[in-house]
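A.B. asks: Please see the structure below; I have some questions.
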Amino acid sequence: MDPLSLLLLPPRARPRIPLLLRPPTAPAAFARAAAAAAPARLLSPASAVAAEAPRTGENPWSGGAEGEEGRFDWLDQWYPVAPVCDLDPRAPHGKTILGLRVVAWYDRTAGDGEWRVFDDACPHRLAPLSEGRIDDKGRLQCVYHGWCFDGRGSCQFIPQAPALGPPVHKNSKACVAAYPSVVQNNILWFYPRAGAEHEDVLQRKRPPFIPEIDDPSFVTVYGIRDLSYGYDVLVENLMDPAHVPYAHKGLMGRLRKKEDPGRVEFDREGGGPMKMKIEEAGVDGFLSPQENGGYFRYVAPCTFYGSPLPRQEEGEKKKPRIMLVFMCVPVAPGRSRVIWAFPRNVGLWLDKIIPRWYYHIGQNAILDSDIYLLHVEERNFAAAGVENWQKAVYVPTSSDSMVIAFRNWFRKHCKSQVGWAAPTVDQLPATPTKDKLMERYWSHVEQCTSCSAALKAMKALEVALQVAAVAIVGFLTVAKETLVKSVAQRVAVVSAAVLCFAASRWLASFIQKNFYFQDYVHAYK
């Protein structure tokens, strides 16, 4: 999967591979209890893949000594939850981010209303608040025993507590951890540290801001998808344009072959050399100017954005502009989430006639086309040993420059480990069958308001077409001696029934392929 490629289109379980990670994900309340019962220790961060420090004189891995410019603090960052357009304010939404289970909900009692992010665990018996509801007073209610919480995480009501008894709901143990949150660029972000000392974190640092998204002369298409491979594999894949004509063959038009003096062999896919540069590399990421005047920037740990088109210079006449913005979210070992936003100032009229779900059909097909490759690749990296990533790969061309820059950053500032916010499982999940690995409903449709609404409407239309086919046949049976007497009339009625039934079958196939599962076999592309 490559940034530009996403814009171009409107077996058996394997043995589990240990990765020296941490115990299973748990809410903050459980983690605090575990810490109290066990000897104190620091939770070391973890990742599915690690790179070995380069040997002296070994290029292009000359990134300096680990920690030379400081260790990256994974908990002192903002993380995207979801595009606001995909969050229903009438219900809570559960997400796992950085190994931390959180719930996002809309607090309509706060002025004009605000999105809140809490621990996804009721302090009573640790039931998931994401399975709760918003009560008639606008509070988050746990549906296990009815405890209610306001926008600060304070418990406001315990139904089982006598009205004239002690005010047990005011006890600090009845509160749920509330994280700082903000809506920026129409995306909900949260900061994974709770507590009074972090309430004003927005005054110190904000999420990365993309001005084109808020520019009224641009329109933006948003999307979200959960993926069955880890954060580092996701980021590295987005930074790799060379795989596009091969991994996504048949999903986009042929690429223009670049001039390569001396080349005598060409392939049908159109791959070729790519020149890239890396600038401003540091603990916060790097910039990669492209040979055609475009650029891409990585803002650690989540945001990767840029444009394949030349930059707009100050004072220059306004040019057509397309931005590609990706938020790469670490979910758990072997799992990640990508949120995308594609602002553009061309073809604005298209958004008035093309629904968002139609764009997602092509974008999900592209994600599907390399999901199995990356899932297995991650396990091959792990099998080679987390300390041997550099030895396991061979990256001799400049087309891998951004991949190398990311791996250098990941090794140098993170020791090739994600700093999980909660205890995590100590192994990659087993490899499921391809229909489970590439399923679209739970990984995308259920999280996308546009696709879920389209699916509901199409299912209703499918049923309506089937009912119409049966009704037409019934009408013919009843009226064949009265209203439908001629052969031509009977042929017309039968044809209408057949068309309705055929349309319902075609629609069922369309729904299955675009909202549930469609295989992608590279050998036949």
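Ordering of the structure tokens sets the chain letters (A, B, ...); residue numbers start at 1 within each chain; ligands are numbered from 1 in the order shown.
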Env of Ala405 in chain A: 12 Å cut, atoms = only C-alpha atoms, seq-sep filter 6 positions within chain, self excluded. Answer as number ranges by chain.
C.D. replies: A: 59-64, 235-236, 239-240, 276-283, 285-288, 297-298, 395, 398-399, 411-413
A.B. asks: Can you list, as a ChimeraX atom specification, every residue of range 193-408 of chain A that DSSP puts in strand (DSSP E)?
C.D. replies: /A:219-227,279-282,285-289,295-299,303-307,324-332,335-344
A.B. asks: Neighbours of Ala503 in chain A within 9 Å (only C-alpha atoms; same-chain residues fewer than 3 positions away dropped), as a PyMOL selection string?
C.D. replies: chain A and resi 462+465-466+498-500+506-508
A.B. asks: Limited to N, CA, C and O atoms, could you put the picked residues into a file as a tab-separated table (two decimals), in the first residue's frame?
C.D. replies:
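Output contents, as saved in part-v9.tsv:
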```tsv
chain	number	residue	atom	x	y	z
A	462	GLU	N	-31.92	-5.24	-1.61
A	462	GLU	CA	-31.85	-6.64	-2.01
A	462	GLU	C	-33.12	-7.39	-1.64
A	462	GLU	O	-33.69	-8.14	-2.44
A	465	LEU	N	-36.04	-6.28	-3.89
A	465	LEU	CA	-35.99	-6.88	-5.23
A	465	LEU	C	-36.47	-8.33	-5.19
A	465	LEU	O	-37.18	-8.78	-6.11
A	466	GLN	N	-36.11	-9.06	-4.14
A	466	GLN	CA	-36.57	-10.44	-4.03
A	466	GLN	C	-38.08	-10.50	-3.82
A	466	GLN	O	-38.77	-11.34	-4.42
A	498	VAL	N	-37.67	-11.99	-13.60
A	498	VAL	CA	-36.30	-12.48	-13.75
A	498	VAL	C	-35.30	-11.36	-13.51
A	498	VAL	O	-34.27	-11.55	-12.84
A	499	LEU	N	-35.57	-10.17	-14.05
A	499	LEU	CA	-34.67	-9.03	-13.85
A	499	LEU	C	-34.56	-8.65	-12.37
A	499	LEU	O	-33.46	-8.36	-11.88
A	500	CYS	N	-35.68	-8.66	-11.67
A	500	CYS	CA	-35.66	-8.34	-10.24
A	500	CYS	C	-34.84	-9.36	-9.47
A	500	CYS	O	-34.03	-9.01	-8.60
A	506	TRP	N	-27.11	-10.07	-8.10
A	506	TRP	CA	-25.94	-9.24	-8.37
A	506	TRP	C	-25.63	-8.35	-7.18
A	506	TRP	O	-24.48	-8.18	-6.79
A	507	LEU	N	-26.66	-7.78	-6.58
A	507	LEU	CA	-26.47	-6.90	-5.44
A	507	LEU	C	-25.91	-7.66	-4.25
A	507	LEU	O	-25.05	-7.16	-3.52
A	508	ALA	N	-26.36	-8.90	-4.05
A	508	ALA	CA	-25.84	-9.72	-2.95
A	508	ALA	C	-24.34	-9.97	-3.15
A	508	ALA	O	-23.55	-9.92	-2.19
```
A.B. asks: I need the residue nearest Ile158 in chain A from this list: A:His145, A:Lys137, A:Arg116, A:Arg225. Use only C-alpha atoms for the distance.
C.D. replies: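 Of A:His145, A:Lys137, A:Arg116, A:Arg225, the one nearest Ile158 in chain A, counting only C-alpha atoms, is A:His145.
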A.B. asks: I'd like the neighbourhood of Trp115 in chain A as a VMD selection string, where a residue qualifies if any of its atoms comes within 8 Å (using only C-alpha atoms), though same-chain residues fewer than 3 positions away should be ignored.
C.D. replies: chain A and resid 104 to 107 181 to 183 188
A.B. asks: Do you have the CA of Ala82 in chain A-CA of Gln184 in chain A distance handy?
C.D. replies: 11.0 Å
A.B. asks: Find, counting only C-alpha atoms, the residue in A:Ser172, A:Thr431, A:Asn364, A:Thr449 that gets nearest to Lys513 in chain A.
C.D. replies: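 Comparing A:Ser172, A:Thr431, A:Asn364, A:Thr449 against Lys513 in chain A, the winner is A:Asn364.
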A.B. asks: Write down as a ChimeraX atom specification the residues of range 261-505 of chain A whose backbone DSSP state falls under helix (DSSP H, G or I).
C.D. replies: /A:350-353,356-384,386-392,398-414,434-437,445-447,449-479,487-505
A.B. asks: Store the residues of this selection in a file with C-alpha atoms, as a compact mmCIF listing (two decimals), in the first residue's frame.
C.D. replies:
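Listing of part.txt after writing:
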```txt
# COMPACT_ATOMS: atom_id res chain seq x y z
CA LEU A 350 -17.24 15.22 -7.20
CA ASP A 351 -17.98 15.19 -3.48
CA LYS A 352 -21.49 16.46 -4.19
CA ILE A 353 -22.36 13.42 -6.29
CA ARG A 356 -17.75 8.51 0.69
CA TRP A 357 -18.44 4.75 0.68
CA TYR A 358 -17.80 4.66 -3.07
CA TYR A 359 -14.25 5.98 -2.56
CA HIS A 360 -13.76 3.39 0.18
CA ILE A 361 -14.46 0.50 -2.19
CA GLY A 362 -11.28 1.21 -4.16
CA GLN A 363 -9.25 2.20 -1.11
CA ASN A 364 -10.15 -1.00 0.73
CA ALA A 365 -9.29 -3.08 -2.35
CA ILE A 366 -5.80 -1.54 -2.30
CA LEU A 367 -5.41 -2.25 1.41
CA ASP A 368 -6.56 -5.84 0.86
CA SER A 369 -4.10 -6.45 -1.97
CA ASP A 370 -1.02 -6.42 0.25
CA ILE A 371 -2.45 -7.22 3.70
CA TYR A 372 -1.52 -10.91 3.48
CA LEU A 373 1.98 -10.09 2.21
CA LEU A 374 2.61 -7.77 5.14
CA HIS A 375 1.04 -10.08 7.71
CA VAL A 376 3.36 -12.93 6.71
CA GLU A 377 6.34 -10.59 6.24
CA GLU A 378 6.01 -9.46 9.86
CA ARG A 379 6.15 -13.07 11.04
CA ASN A 380 9.20 -13.73 8.88
CA PHE A 381 10.90 -10.76 10.51
CA ALA A 382 10.02 -12.13 13.93
CA ALA A 383 11.24 -15.62 13.04
CA ALA A 384 14.58 -14.15 11.97
CA VAL A 386 14.00 -9.14 16.63
CA GLU A 387 17.68 -8.32 16.87
CA ASN A 388 18.42 -9.34 13.27
CA TRP A 389 16.14 -7.16 11.14
CA GLN A 390 19.06 -5.43 9.43
CA LYS A 391 20.70 -8.75 8.57
CA ALA A 392 17.43 -10.24 7.33
CA SER A 398 17.31 4.65 -3.18
CA SER A 399 13.64 3.66 -3.53
CA ASP A 400 13.96 2.32 0.04
CA SER A 401 15.31 5.60 1.43
CA MET A 402 12.22 6.46 3.47
CA VAL A 403 11.97 2.89 4.79
CA ILE A 404 15.59 3.04 5.90
CA ALA A 405 15.07 6.48 7.47
CA PHE A 406 12.10 5.17 9.45
CA ARG A 407 13.99 2.06 10.60
CA ASN A 408 16.92 4.27 11.63
CA TRP A 409 14.54 6.48 13.63
CA PHE A 410 12.83 3.46 15.16
CA ARG A 411 16.16 1.90 16.20
CA LYS A 412 17.94 5.05 17.28
CA HIS A 413 15.21 6.71 19.31
CA CYS A 414 12.96 3.78 20.28
CA LYS A 434 -7.49 -15.23 4.44
CA ASP A 435 -11.22 -14.58 4.73
CA LYS A 436 -10.66 -13.59 8.37
CA LEU A 437 -7.43 -11.72 7.66
CA VAL A 445 -17.53 -1.01 7.61
CA GLU A 446 -18.66 -1.20 11.25
CA GLN A 447 -16.43 1.81 12.04
CA THR A 449 -20.80 5.70 9.11
CA SER A 450 -20.95 6.06 5.32
CA CYS A 451 -20.23 2.40 4.52
CA SER A 452 -22.49 1.06 7.27
CA ALA A 453 -25.38 3.24 6.04
CA ALA A 454 -24.77 2.14 2.44
CA LEU A 455 -24.70 -1.52 3.53
CA LYS A 456 -28.00 -1.15 5.38
CA ALA A 457 -29.65 0.50 2.36
CA MET A 458 -28.32 -2.11 -0.07
CA LYS A 459 -29.52 -4.99 2.09
CA ALA A 460 -32.98 -3.41 2.19
CA LEU A 461 -32.91 -3.01 -1.59
CA GLU A 462 -31.85 -6.64 -2.01
CA VAL A 463 -34.84 -7.81 0.04
CA ALA A 464 -37.15 -5.45 -1.88
CA LEU A 465 -35.99 -6.88 -5.23
CA GLN A 466 -36.57 -10.44 -4.03
CA VAL A 467 -40.04 -9.57 -2.74
CA ALA A 468 -40.80 -7.84 -6.06
CA ALA A 469 -39.73 -10.93 -8.02
CA VAL A 470 -41.99 -13.18 -5.96
CA ALA A 471 -44.86 -10.69 -6.12
CA ILE A 472 -44.61 -10.45 -9.92
CA VAL A 473 -44.70 -14.24 -10.25
CA GLY A 474 -47.71 -14.34 -7.92
CA PHE A 475 -49.45 -11.64 -9.94
CA LEU A 476 -48.86 -13.62 -13.13
CA THR A 477 -50.33 -16.75 -11.59
CA VAL A 478 -53.48 -14.94 -10.43
CA ALA A 479 -54.01 -12.70 -13.45
CA VAL A 487 -48.09 -14.05 -24.83
CA ALA A 488 -46.27 -10.72 -25.09
CA GLN A 489 -47.74 -9.55 -21.80
CA ARG A 490 -46.73 -12.77 -20.08
CA VAL A 491 -43.21 -12.54 -21.46
CA ALA A 492 -42.93 -8.96 -20.20
CA VAL A 493 -44.12 -9.91 -16.70
CA VAL A 494 -41.83 -12.94 -16.50
CA SER A 495 -38.91 -10.83 -17.75
CA ALA A 496 -39.57 -8.27 -15.00
CA ALA A 497 -39.53 -11.04 -12.38
CA VAL A 498 -36.30 -12.48 -13.75
CA LEU A 499 -34.67 -9.03 -13.85
CA CYS A 500 -35.66 -8.34 -10.24
CA PHE A 501 -34.28 -11.69 -9.09
CA ALA A 502 -31.06 -11.29 -11.12
CA ALA A 503 -30.58 -7.76 -9.76
CA SER A 504 -30.99 -9.06 -6.20
CA ARG A 505 -28.35 -11.76 -6.83
```
